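Engineer: Before anything else, here's the structure in question.
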Amino acid sequence: MNPKGRPLGRTLLFGFIIFPLLVTQLYPLIWLLLYSLKSNEEIFSGKILALPKEFRFENYVLAVSSGHYIQYLINSIIVTGITLLLLIFLSTSAAYVISRFRFKYSKILLLIFLMGMMLPMQSALLPLMILLKNLGLLNTYLALILPYTAFSMPISIFILSNFMRSIPRELEESAIIDGAGPIRIFWSLILPISRPAITTISILAFISAWNEYIVAATFISSEKLKTLPFGAYSFVSQYAVNYGAIGAYLILAALPMVIIYSILSERITKGMVEGAVKG
Amino acid sequence: MKLTPTVLLFFLLPPLLFYLTFVFIPILLSFSTALLDWNGIAQPKWNGLKNYSDLLFHDPLFWITVKRNVVFALFSMSEIPIAFLLAAVLSRYFKNGQRIVAALFFPVILSVVVVGQLWKTIYNPLSRGGLLNHILSLLHLEHLTRAWLADPKVAMYALYLVALWQYLGYHVLIQFTGIQNIPREFQEAATIDGANGYQVIRNIIFPLTMPFFKISFVLAFIGSLQAFDLIMVMTGGGPAHATEVMSTYMYNMSFDSQRYGYGSAIASLLVLFSLLATLILNAFFGRIERRYDLH
């Protein structure tokens with residue numbers, strides 16, 4: 001192969017396969033960004049690459065001022081934050097018992113938890129609604145936090161218990177000799193060592209809770225409690241004829257994730273692969 | 001360590017009870033609610049297996065939704081070989097492959113609301129600035145332009161396409177990780193022995209990434225079987241049930257028509273199908289792995 005052959009082949013591959021693909025994957029988002037700065041007339045004229053004649057930032061002003069953007073953002077932060085804390089608390093302790101203790105039913109117990117990975121959340125929507133209604137929790141933050149946490153537990157327990165199983169027994173034994181009980185061992189030995197696995201489950205749960213729409217739309221009705229995806233959906237239905245403002249709202253709705261991904265893309269992609277290995 | 005009552009009480013009971021209350025028991029309840037005739041307000045009436053028999057034998061729409069889920073799964077799985085080739089090319093010929101993969105992956109982490117609404121505007125009719133129709137008219141294919149989501153003949157395919165678009169990057173990422181996990185020496189040794197790019201991919205990369213294929217296939221299959229939010233955001237199952245799949249049918253029956261029993265019957269079948277699909281896929285890949293002697 002001549003020395004120039006490879007770069008040429010690479011250029012061709014890039015030019016004809018990779019680059020067009022990057023365009024199809026990313027262009028719709030750029031188009032949305034341009035769209036969000038245009039007026040209706042410019043959008044209808046539909047020049048697909050045209051920059052806006054003047055940048056209509058008032059679309060964004062409208063989105064923030066009459067779309068409760070800040071309120072929804074805060075709600076999303078509260079719901080996702082508490083979900084993560086509760087999830088870490090519950091699934092680390094369950095994984096600890098399953099992976100570090102020997103008892104008769106540990107296999108069955110793990111199986112019951114793992115079965116949850118295959119159960120579709122939408123199949124539980126109706127019973128959950130009835131349950132939450134009876135508990136008086138419909139239309140509260142908890143109506144979202146509880147299902148989000150519970151349905152993130154199976155994959156989290158799976159990842160955590162695999163990780164904790166790989167911690168050498170000797171560490172634990174020397175702690176026992178030093179007089180540490182199971183709670184101390186958990187708190188000052190197992191938890192710190194498991195930090196990478198905890199990061200992974202937090203990423204997975206963060207993405208699914210932050211983006212979730214259907215549960216929010218079904219269990220929440222109060223304007224004050226809507227999360228960002230649900231709020232964005234409501235805004236779009238309400239301002240159905242103001243296209244630029246819709247575009248602006250969608251950009252704003254995507255913005256937190258865009259920022260987080262641009263900082264943590266390596267951690268996130270790694271976490272998503274680890275989460276996918278559940279099959 | 002031995003399990004003591006303290007450990008049981010502090011560590012096991014809270015997560016177990018929590019999980020049973022909010023996941024396991026609600027799922028089981030859909031099986032029992034399926035035996036009722038209930039609108040959520042009046043006293044529930046015992047209905048035996050009638051909901052199931054109506055659903056399976058007298059409701060053609062149900063089987064149409066099942067078929068759509070299966071087609072959905074086939075479409076989703078068809079992009080996996082493409083993703084694999086892309087990943088192979090990226091990892092073999094590009095130093096910054098990781099960055100390109102990260103860029104392709106980006107749509108995966110967007111909320112279904114953003115993705116759904118974005119594509120709704122892309123599918124808009126020409127008069128409302130829809131991107132797809134504009135591209136078609138630039139290519140002088142005006143006769144193909146239409147309101148993609150309002151046309152029952154094409155709406156479902158328009159939705160499949162969005163899912164393919166959103167998840168391509170996920171499969172590329174999974175396959176890319178699989179290929180990166182292969183020790184570099186394997187590929188180098190084969191290249192020294194005179195294997196060309198195709199042979200390296202066919203005989204070294206492909207068999208060794210089999211476990212990652214399994215992951216992609218399971219994700220695509222189960223994901224499509226349970227496909228839900230995207231359709232709810234984009235069409236809600238319409239126009240005239242043209243994009244209804246099992247989950248949306250279940251949702252519309254339960255929450256719109258207030259037929260709790262019937263909706264629960266669909267929900268419980270969805271659970272059964274999901275479990276069944278997982279078993280079948282595991283058995284299938286178990287056989288392939290044995291054939292390649294991978295473990």
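As shown in the structure tokens, the chain order sets the letters A, B, ...; within each chain, residues go from 1, and ligands are also counted from 1 in the order they appear.
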If you run DSSP over the backbone, which residues in segment 34-105 of chain B end up helix (DSSP H, G or I)? Put them as a tab-separated table (two decimals) with all heavy atoms, in the first residue's frame.
Structural biologist:
chain	number	residue	atom	x	y	z
B	50	LYS	N	-62.83	-12.17	30.42
B	50	LYS	CA	-63.44	-11.59	29.23
B	50	LYS	C	-62.56	-10.53	28.56
B	50	LYS	O	-62.47	-10.49	27.34
B	50	LYS	CB	-64.80	-10.98	29.60
B	50	LYS	CG	-65.59	-10.55	28.37
B	50	LYS	CD	-67.04	-10.29	28.71
B	50	LYS	CE	-67.79	-9.83	27.47
B	50	LYS	NZ	-67.16	-8.67	26.81
B	51	ASN	N	-61.87	-9.70	29.39
B	51	ASN	CA	-61.00	-8.69	28.78
B	51	ASN	C	-59.93	-9.34	27.91
B	51	ASN	O	-59.65	-8.87	26.80
B	51	ASN	CB	-60.32	-7.84	29.86
B	51	ASN	CG	-61.28	-6.83	30.46
B	51	ASN	OD1	-62.16	-6.33	29.76
B	51	ASN	ND2	-61.12	-6.55	31.75
B	52	TYR	N	-59.35	-10.42	28.44
B	52	TYR	CA	-58.31	-11.10	27.66
B	52	TYR	C	-58.88	-11.71	26.39
B	52	TYR	O	-58.27	-11.62	25.32
B	52	TYR	CB	-57.63	-12.19	28.51
B	52	TYR	CG	-56.66	-11.64	29.52
B	52	TYR	CD1	-56.95	-11.65	30.88
B	52	TYR	CD2	-55.45	-11.10	29.11
B	52	TYR	CE1	-56.06	-11.14	31.81
B	52	TYR	CE2	-54.55	-10.58	30.03
B	52	TYR	CZ	-54.87	-10.60	31.37
B	52	TYR	OH	-53.99	-10.09	32.29
B	53	SER	N	-60.06	-12.34	26.50
B	53	SER	CA	-60.58	-13.00	25.30
B	53	SER	C	-61.02	-11.96	24.27
B	53	SER	O	-60.81	-12.14	23.07
B	53	SER	CB	-61.72	-13.97	25.65
B	53	SER	OG	-62.83	-13.24	26.09
B	54	ASP	N	-61.60	-10.84	24.74
B	54	ASP	CA	-61.94	-9.76	23.80
B	54	ASP	C	-60.69	-9.27	23.08
B	54	ASP	O	-60.67	-9.09	21.87
B	54	ASP	CB	-62.57	-8.58	24.54
B	54	ASP	CG	-64.03	-8.85	24.89
B	54	ASP	OD1	-64.53	-9.91	24.44
B	54	ASP	OD2	-64.62	-8.04	25.61
B	55	LEU	N	-59.66	-9.05	23.88
B	55	LEU	CA	-58.42	-8.48	23.35
B	55	LEU	C	-57.79	-9.42	22.32
B	55	LEU	O	-57.41	-9.00	21.23
B	55	LEU	CB	-57.46	-8.28	24.53
B	55	LEU	CG	-56.23	-7.42	24.33
B	55	LEU	CD1	-56.65	-6.04	23.88
B	55	LEU	CD2	-55.49	-7.31	25.66
B	56	LEU	N	-57.71	-10.69	22.68
B	56	LEU	CA	-56.98	-11.64	21.83
B	56	LEU	C	-57.80	-12.10	20.63
B	56	LEU	O	-57.24	-12.41	19.58
B	56	LEU	CB	-56.54	-12.85	22.65
B	56	LEU	CG	-55.51	-12.54	23.75
B	56	LEU	CD1	-55.28	-13.76	24.62
B	56	LEU	CD2	-54.20	-12.08	23.15
B	57	PHE	N	-59.13	-12.15	20.78
B	57	PHE	CA	-59.91	-12.76	19.70
B	57	PHE	C	-60.87	-11.81	19.00
B	57	PHE	O	-61.33	-12.10	17.91
B	57	PHE	CB	-60.68	-13.97	20.23
B	57	PHE	CG	-59.78	-14.99	20.87
B	57	PHE	CD1	-59.85	-15.23	22.24
B	57	PHE	CD2	-58.82	-15.66	20.12
B	57	PHE	CE1	-59.00	-16.14	22.84
B	57	PHE	CE2	-57.96	-16.58	20.72
B	57	PHE	CZ	-58.06	-16.82	22.08
B	60	PRO	N	-59.23	-6.59	16.49
B	60	PRO	CA	-58.19	-6.60	15.46
B	60	PRO	C	-57.13	-5.52	15.71
B	60	PRO	O	-55.96	-5.72	15.40
B	60	PRO	CB	-58.95	-6.33	14.16
B	60	PRO	CG	-60.34	-5.99	14.53
B	60	PRO	CD	-60.57	-6.37	15.96
B	61	LEU	N	-57.54	-4.39	16.29
B	61	LEU	CA	-56.58	-3.31	16.50
B	61	LEU	C	-55.42	-3.75	17.39
B	61	LEU	O	-54.27	-3.37	17.19
B	61	LEU	CB	-57.29	-2.09	17.11
B	61	LEU	CG	-56.41	-0.85	17.29
B	61	LEU	CD1	-55.77	-0.42	15.99
B	61	LEU	CD2	-57.21	0.30	17.89
B	62	PHE	N	-55.73	-4.61	18.38
B	62	PHE	CA	-54.67	-5.05	19.28
B	62	PHE	C	-53.55	-5.75	18.50
B	62	PHE	O	-52.38	-5.46	18.68
B	62	PHE	CB	-55.20	-5.99	20.36
B	62	PHE	CG	-54.12	-6.57	21.22
B	62	PHE	CD1	-53.38	-5.77	22.06
B	62	PHE	CD2	-53.80	-7.93	21.15
B	62	PHE	CE1	-52.35	-6.30	22.83
B	62	PHE	CE2	-52.77	-8.46	21.92
B	62	PHE	CZ	-52.05	-7.64	22.77
B	63	TRP	N	-53.95	-6.66	17.61
B	63	TRP	CA	-52.92	-7.39	16.87
B	63	TRP	C	-52.16	-6.48	15.91
B	63	TRP	O	-50.99	-6.69	15.63
B	63	TRP	CB	-53.52	-8.59	16.15
B	63	TRP	CG	-53.90	-9.65	17.13
B	63	TRP	CD1	-55.15	-10.02	17.51
B	63	TRP	CD2	-52.99	-10.43	17.94
B	63	TRP	NE1	-55.09	-10.99	18.49
B	63	TRP	CE2	-53.77	-11.26	18.77
B	63	TRP	CE3	-51.59	-10.51	18.04
B	63	TRP	CZ2	-53.22	-12.15	19.68
B	63	TRP	CZ3	-51.04	-11.39	18.95
B	63	TRP	CH2	-51.84	-12.21	19.75
B	64	ILE	N	-52.87	-5.44	15.41
B	64	ILE	CA	-52.16	-4.48	14.56
B	64	ILE	C	-51.08	-3.75	15.38
B	64	ILE	O	-49.96	-3.55	14.91
B	64	ILE	CB	-53.16	-3.47	13.94
B	64	ILE	CG1	-54.08	-4.21	12.97
B	64	ILE	CG2	-52.43	-2.34	13.23
B	64	ILE	CD1	-55.21	-3.36	12.42
B	65	THR	N	-51.43	-3.41	16.64
B	65	THR	CA	-50.43	-2.72	17.46
B	65	THR	C	-49.25	-3.66	17.75
B	65	THR	O	-48.10	-3.22	17.74
B	65	THR	CB	-51.01	-2.21	18.80
B	65	THR	OG1	-51.44	-3.33	19.58
B	65	THR	CG2	-52.16	-1.26	18.58
B	66	VAL	N	-49.55	-4.93	17.99
B	66	VAL	CA	-48.45	-5.89	18.25
B	66	VAL	C	-47.55	-5.96	17.03
B	66	VAL	O	-46.32	-5.91	17.13
B	66	VAL	CB	-49.01	-7.29	18.57
B	66	VAL	CG1	-47.87	-8.30	18.69
B	66	VAL	CG2	-49.82	-7.25	19.86
B	67	LYS	N	-48.18	-6.03	15.85
B	67	LYS	CA	-47.40	-6.11	14.62
B	67	LYS	C	-46.51	-4.88	14.48
B	67	LYS	O	-45.34	-4.98	14.11
B	67	LYS	CB	-48.34	-6.24	13.41
B	67	LYS	CG	-47.64	-6.75	12.16
B	67	LYS	CD	-48.50	-6.59	10.93
B	67	LYS	CE	-48.25	-5.26	10.28
B	67	LYS	NZ	-49.23	-4.86	9.29
B	68	ARG	N	-47.06	-3.70	14.80
B	68	ARG	CA	-46.25	-2.49	14.69
B	68	ARG	C	-45.04	-2.53	15.62
B	68	ARG	O	-43.96	-2.09	15.27
B	68	ARG	CB	-47.09	-1.25	14.99
B	68	ARG	CG	-48.05	-0.93	13.87
B	68	ARG	CD	-48.56	0.49	13.95
B	68	ARG	NE	-49.62	0.65	12.98
B	68	ARG	CZ	-50.89	0.88	13.29
B	68	ARG	NH1	-51.25	1.02	14.55
B	68	ARG	NH2	-51.79	0.98	12.35
B	69	ASN	N	-45.25	-3.09	16.82
B	69	ASN	CA	-44.12	-3.20	17.73
B	69	ASN	C	-43.04	-4.11	17.16
B	69	ASN	O	-41.85	-3.81	17.27
B	69	ASN	CB	-44.56	-3.76	19.09
B	69	ASN	CG	-45.19	-2.70	19.97
B	69	ASN	OD1	-46.39	-2.69	20.18
B	69	ASN	ND2	-44.37	-1.79	20.45
B	70	VAL	N	-43.48	-5.19	16.52
B	70	VAL	CA	-42.50	-6.11	15.94
B	70	VAL	C	-41.76	-5.45	14.78
B	70	VAL	O	-40.53	-5.53	14.68
B	70	VAL	CB	-43.19	-7.41	15.49
B	70	VAL	CG1	-42.21	-8.31	14.75
B	70	VAL	CG2	-43.78	-8.14	16.69
B	71	VAL	N	-42.50	-4.76	13.92
B	71	VAL	CA	-41.85	-4.04	12.81
B	71	VAL	C	-40.89	-3.00	13.35
B	71	VAL	O	-39.76	-2.84	12.86
B	71	VAL	CB	-42.91	-3.38	11.89
B	71	VAL	CG1	-42.23	-2.56	10.81
B	71	VAL	CG2	-43.80	-4.44	11.27
B	72	PHE	N	-41.33	-2.32	14.38
B	72	PHE	CA	-40.48	-1.34	15.05
B	72	PHE	C	-39.16	-1.99	15.47
B	72	PHE	O	-38.07	-1.47	15.20
B	72	PHE	CB	-41.22	-0.80	16.29
B	72	PHE	CG	-40.79	0.56	16.73
B	72	PHE	CD1	-41.71	1.42	17.32
B	72	PHE	CD2	-39.49	1.00	16.58
B	72	PHE	CE1	-41.34	2.69	17.74
B	72	PHE	CE2	-39.10	2.26	16.99
B	72	PHE	CZ	-40.03	3.10	17.58
B	73	ALA	N	-39.29	-3.16	16.09
B	73	ALA	CA	-38.08	-3.86	16.55
B	73	ALA	C	-37.19	-4.23	15.37
B	73	ALA	O	-35.98	-4.07	15.43
B	73	ALA	CB	-38.47	-5.10	17.34
B	74	LEU	N	-37.80	-4.70	14.28
B	74	LEU	CA	-36.99	-5.08	13.12
B	74	LEU	C	-36.25	-3.87	12.55
B	74	LEU	O	-35.06	-3.94	12.25
B	74	LEU	CB	-37.88	-5.71	12.03
B	74	LEU	CG	-38.49	-7.06	12.42
B	74	LEU	CD1	-39.41	-7.57	11.31
B	74	LEU	CD2	-37.39	-8.08	12.70
B	75	PHE	N	-36.96	-2.74	12.43
B	75	PHE	CA	-36.30	-1.52	11.96
B	75	PHE	C	-35.13	-1.15	12.88
B	75	PHE	O	-34.04	-0.86	12.42
B	75	PHE	CB	-37.29	-0.35	11.92
B	75	PHE	CG	-37.95	-0.18	10.59
B	75	PHE	CD1	-39.26	-0.59	10.40
B	75	PHE	CD2	-37.27	0.38	9.53
B	75	PHE	CE1	-39.88	-0.44	9.18
B	75	PHE	CE2	-37.87	0.54	8.31
B	75	PHE	CZ	-39.18	0.12	8.12
B	76	SER	N	-35.40	-1.18	14.18
B	76	SER	CA	-34.36	-0.77	15.13
B	76	SER	C	-33.16	-1.68	15.03
B	76	SER	O	-32.02	-1.24	15.12
B	76	SER	CB	-34.89	-0.80	16.56
B	76	SER	OG	-36.03	-0.01	16.66
B	77	MET	N	-33.41	-2.99	14.84
B	77	MET	CA	-32.29	-3.92	14.81
B	77	MET	C	-31.51	-3.79	13.50
B	77	MET	O	-30.33	-4.06	13.45
B	77	MET	CB	-32.78	-5.35	15.02
B	77	MET	CG	-33.30	-5.54	16.43
B	77	MET	SD	-33.60	-7.25	16.86
B	77	MET	CE	-34.96	-7.63	15.83
B	78	SER	N	-32.22	-3.34	12.44
B	78	SER	CA	-31.54	-3.26	11.15
B	78	SER	C	-30.44	-2.22	11.15
B	78	SER	O	-29.55	-2.27	10.30
B	78	SER	CB	-32.55	-2.95	10.05
B	78	SER	OG	-33.01	-1.63	10.20
B	79	GLU	N	-30.46	-1.27	12.07
B	79	GLU	CA	-29.39	-0.27	12.05
B	79	GLU	C	-28.15	-0.73	12.84
B	79	GLU	O	-27.12	-0.07	12.79
B	79	GLU	CB	-29.88	1.09	12.54
B	79	GLU	CG	-30.09	1.21	14.02
B	79	GLU	CD	-30.43	2.65	14.43
B	79	GLU	OE1	-30.15	3.57	13.65
B	79	GLU	OE2	-30.98	2.83	15.52
B	80	ILE	N	-28.26	-1.88	13.50
B	80	ILE	CA	-27.12	-2.33	14.31
B	80	ILE	C	-25.92	-2.72	13.44
B	80	ILE	O	-24.80	-2.31	13.73
B	80	ILE	CB	-27.55	-3.45	15.28
B	80	ILE	CG1	-28.54	-2.87	16.28
B	80	ILE	CG2	-26.34	-4.03	16.00
B	80	ILE	CD1	-29.20	-3.89	17.16
B	81	PRO	N	-26.13	-3.51	12.35
B	81	PRO	CA	-24.97	-3.80	11.49
B	81	PRO	C	-24.33	-2.52	10.94
B	81	PRO	O	-23.09	-2.43	10.86
B	81	PRO	CB	-25.58	-4.63	10.35
B	81	PRO	CG	-26.81	-5.22	10.92
B	81	PRO	CD	-27.32	-4.23	11.91
B	82	ILE	N	-25.15	-1.54	10.60
B	82	ILE	CA	-24.60	-0.27	10.10
B	82	ILE	C	-23.77	0.39	11.19
B	82	ILE	O	-22.65	0.85	10.95
B	82	ILE	CB	-25.75	0.66	9.66
B	82	ILE	CG1	-26.55	0.00	8.54
B	82	ILE	CG2	-25.21	2.01	9.22
B	82	ILE	CD1	-27.86	0.69	8.24
B	83	ALA	N	-24.32	0.38	12.40
B	83	ALA	CA	-23.59	0.98	13.52
B	83	ALA	C	-22.27	0.25	13.74
B	83	ALA	O	-21.24	0.87	14.03
B	83	ALA	CB	-24.44	0.93	14.79
B	84	PHE	N	-22.31	-1.08	13.59
B	84	PHE	CA	-21.09	-1.86	13.78
B	84	PHE	C	-20.02	-1.47	12.75
B	84	PHE	O	-18.86	-1.25	13.10
B	84	PHE	CB	-21.41	-3.35	13.67
B	84	PHE	CG	-20.18	-4.22	13.58
B	84	PHE	CD1	-19.39	-4.43	14.70
B	84	PHE	CD2	-19.81	-4.79	12.38
B	84	PHE	CE1	-18.25	-5.20	14.62
B	84	PHE	CE2	-18.67	-5.57	12.29
B	84	PHE	CZ	-17.88	-5.77	13.41
B	85	LEU	N	-20.43	-1.38	11.48
B	85	LEU	CA	-19.46	-1.02	10.44
B	85	LEU	C	-18.88	0.37	10.70
B	85	LEU	O	-17.68	0.60	10.59
B	85	LEU	CB	-20.12	-1.07	9.07
B	85	LEU	CG	-20.34	-2.49	8.55
B	85	LEU	CD1	-21.08	-2.47	7.23
B	85	LEU	CD2	-19.01	-3.22	8.41
B	86	LEU	N	-19.76	1.30	11.07
B	86	LEU	CA	-19.30	2.64	11.39
B	86	LEU	C	-18.28	2.61	12.52
B	86	LEU	O	-17.22	3.24	12.44
B	86	LEU	CB	-20.48	3.51	11.83
B	86	LEU	CG	-21.32	4.10	10.72
B	86	LEU	CD1	-22.57	4.73	11.32
B	86	LEU	CD2	-20.51	5.15	9.98
B	87	ALA	N	-18.62	1.85	13.55
B	87	ALA	CA	-17.72	1.78	14.70
B	87	ALA	C	-16.39	1.17	14.30
B	87	ALA	O	-15.34	1.64	14.72
B	87	ALA	CB	-18.37	0.96	15.82
B	88	ALA	N	-16.45	0.12	13.45
B	88	ALA	CA	-15.21	-0.52	13.01
B	88	ALA	C	-14.36	0.47	12.23
B	88	ALA	O	-13.15	0.59	12.46
B	88	ALA	CB	-15.54	-1.75	12.17
B	89	VAL	N	-15.00	1.20	11.31
B	89	VAL	CA	-14.27	2.18	10.51
B	89	VAL	C	-13.69	3.27	11.41
B	89	VAL	O	-12.51	3.63	11.30
B	89	VAL	CB	-15.22	2.81	9.46
B	89	VAL	CG1	-14.61	4.07	8.88
B	89	VAL	CG2	-15.51	1.80	8.36
B	90	LEU	N	-14.51	3.75	12.34
B	90	LEU	CA	-14.04	4.83	13.21
B	90	LEU	C	-12.87	4.39	14.07
B	90	LEU	O	-11.92	5.15	14.28
B	90	LEU	CB	-15.19	5.31	14.11
B	90	LEU	CG	-16.20	6.23	13.44
B	90	LEU	CD1	-17.38	6.48	14.36
B	90	LEU	CD2	-15.55	7.55	13.06
B	91	SER	N	-12.92	3.17	14.59
B	91	SER	CA	-11.85	2.78	15.51
B	91	SER	C	-10.60	2.39	14.74
B	91	SER	O	-9.50	2.48	15.25
B	91	SER	CB	-12.31	1.65	16.42
B	91	SER	OG	-12.31	0.45	15.71
B	92	ARG	N	-10.76	1.96	13.48
B	92	ARG	CA	-9.59	1.53	12.74
B	92	ARG	C	-8.90	2.67	12.02
B	92	ARG	O	-7.67	2.71	11.94
B	92	ARG	CB	-10.00	0.46	11.73
B	92	ARG	CG	-8.84	-0.42	11.31
B	92	ARG	CD	-9.30	-1.54	10.41
B	92	ARG	NE	-8.26	-1.86	9.44
B	92	ARG	CZ	-7.15	-2.52	9.72
B	92	ARG	NH1	-6.93	-2.92	10.95
B	92	ARG	NH2	-6.25	-2.77	8.79
B	93	TYR	N	-9.65	3.60	11.51
B	93	TYR	CA	-9.05	4.61	10.64
B	93	TYR	C	-8.99	6.01	11.23
B	93	TYR	O	-8.47	6.91	10.62
B	93	TYR	CB	-9.79	4.66	9.30
B	93	TYR	CG	-9.71	3.37	8.53
B	93	TYR	CD1	-10.83	2.57	8.35
B	93	TYR	CD2	-8.49	2.95	8.00
B	93	TYR	CE1	-10.75	1.38	7.65
B	93	TYR	CE2	-8.39	1.76	7.32
B	93	TYR	CZ	-9.52	0.98	7.14
B	93	TYR	OH	-9.43	-0.20	6.46
B	97	GLY	N	-11.62	9.02	16.80
B	97	GLY	CA	-12.87	8.27	16.72
B	97	GLY	C	-13.77	8.49	17.92
B	97	GLY	O	-14.97	8.68	17.79
B	98	GLN	N	-13.14	8.49	19.09
B	98	GLN	CA	-13.90	8.68	20.33
B	98	GLN	C	-14.75	9.95	20.30
B	98	GLN	O	-15.90	9.96	20.70
B	98	GLN	CB	-12.90	8.74	21.50
B	98	GLN	CG	-13.53	8.75	22.86
B	98	GLN	CD	-13.94	7.35	23.30
B	98	GLN	OE1	-13.16	6.41	23.25
B	98	GLN	NE2	-15.19	7.19	23.70
B	99	ARG	N	-14.16	11.04	19.76
B	99	ARG	CA	-14.89	12.31	19.70
B	99	ARG	C	-16.07	12.23	18.75
B	99	ARG	O	-17.14	12.74	19.03
B	99	ARG	CB	-13.97	13.43	19.23
B	99	ARG	CG	-13.06	13.88	20.31
B	99	ARG	CD	-13.05	15.40	20.41
B	99	ARG	NE	-11.92	15.73	21.27
B	99	ARG	CZ	-10.79	16.23	20.81
B	99	ARG	NH1	-10.68	16.55	19.54
B	99	ARG	NH2	-9.80	16.46	21.60
B	100	ILE	N	-15.83	11.59	17.58
B	100	ILE	CA	-16.91	11.48	16.61
B	100	ILE	C	-18.04	10.66	17.21
B	100	ILE	O	-19.22	11.00	17.08
B	100	ILE	CB	-16.40	10.85	15.29
B	100	ILE	CG1	-15.30	11.75	14.70
B	100	ILE	CG2	-17.53	10.66	14.31
B	100	ILE	CD1	-14.68	11.22	13.44
B	101	VAL	N	-17.69	9.57	17.91
B	101	VAL	CA	-18.72	8.75	18.55
B	101	VAL	C	-19.50	9.58	19.57
B	101	VAL	O	-20.73	9.52	19.62
B	101	VAL	CB	-18.09	7.51	19.23
B	101	VAL	CG1	-19.12	6.78	20.06
B	101	VAL	CG2	-17.51	6.58	18.18
B	102	ALA	N	-18.78	10.39	20.34
B	102	ALA	CA	-19.44	11.21	21.35
B	102	ALA	C	-20.43	12.18	20.70
B	102	ALA	O	-21.51	12.44	21.22
B	102	ALA	CB	-18.42	11.96	22.19
B	103	ALA	N	-20.05	12.70	19.51
B	103	ALA	CA	-20.96	13.62	18.81
B	103	ALA	C	-22.18	12.88	18.28
B	103	ALA	O	-23.31	13.35	18.40
B	103	ALA	CB	-20.22	14.31	17.67
B	104	LEU	N	-21.94	11.69	17.71
B	104	LEU	CA	-23.07	10.91	17.20
B	104	LEU	C	-24.02	10.50	18.31
B	104	LEU	O	-25.22	10.32	18.11
B	104	LEU	CB	-22.56	9.64	16.49
B	104	LEU	CG	-21.81	9.83	15.17
B	104	LEU	CD1	-21.28	8.49	14.67
B	104	LEU	CD2	-22.74	10.44	14.12
B	105	PHE	N	-23.46	10.33	19.50
B	105	PHE	CA	-24.25	9.86	20.63
B	105	PHE	C	-25.19	10.93	21.17
B	105	PHE	O	-26.18	10.63	21.82
B	105	PHE	CB	-23.30	9.40	21.74
B	105	PHE	CG	-23.97	8.86	22.97
B	105	PHE	CD1	-24.50	7.58	22.97
B	105	PHE	CD2	-24.10	9.62	24.12
B	105	PHE	CE1	-25.14	7.08	24.09
B	105	PHE	CE2	-24.73	9.13	25.24
B	105	PHE	CZ	-25.24	7.84	25.22
Engineer: Report as CSV: every residue of chain B with an atom at most 6 Å from chain A, its closest pair of atoms, and their distance in Å to one decimal, counting only C-alpha atoms, with rows sorted by chain and ascending residue number.
Structural biologist:
residue,atom,partner,partner_atom,distance
B:Met1,CA,A:Phe101,CA,4.8
B:Lys2,CA,A:Phe101,CA,5.6
B:Leu3,CA,A:Phe101,CA,5.9
B:Phe11,CA,A:Ser93,CA,4.9
B:Leu12,CA,A:Ala94,CA,5.4
B:Pro15,CA,A:Leu90,CA,5.0
B:Tyr19,CA,A:Ala150,CA,5.5
B:Phe22,CA,A:Ala150,CA,6.0
B:Pro26,CA,A:Pro127,CA,5.1
B:Ile27,CA,A:Ala124,CA,5.1
B:Ser111,CA,A:Asn211,CA,4.4
B:Val113,CA,A:Pro229,CA,5.8
B:Val114,CA,A:Leu250,CA,5.7
B:Ser127,CA,A:Phe44,CA,5.9
B:Arg128,CA,A:Phe44,CA,4.9
B:Gly129,CA,A:Phe44,CA,4.2
B:Ile215,CA,A:Gly279,CA,5.7
B:Ala267,CA,A:Ser123,CA,4.6
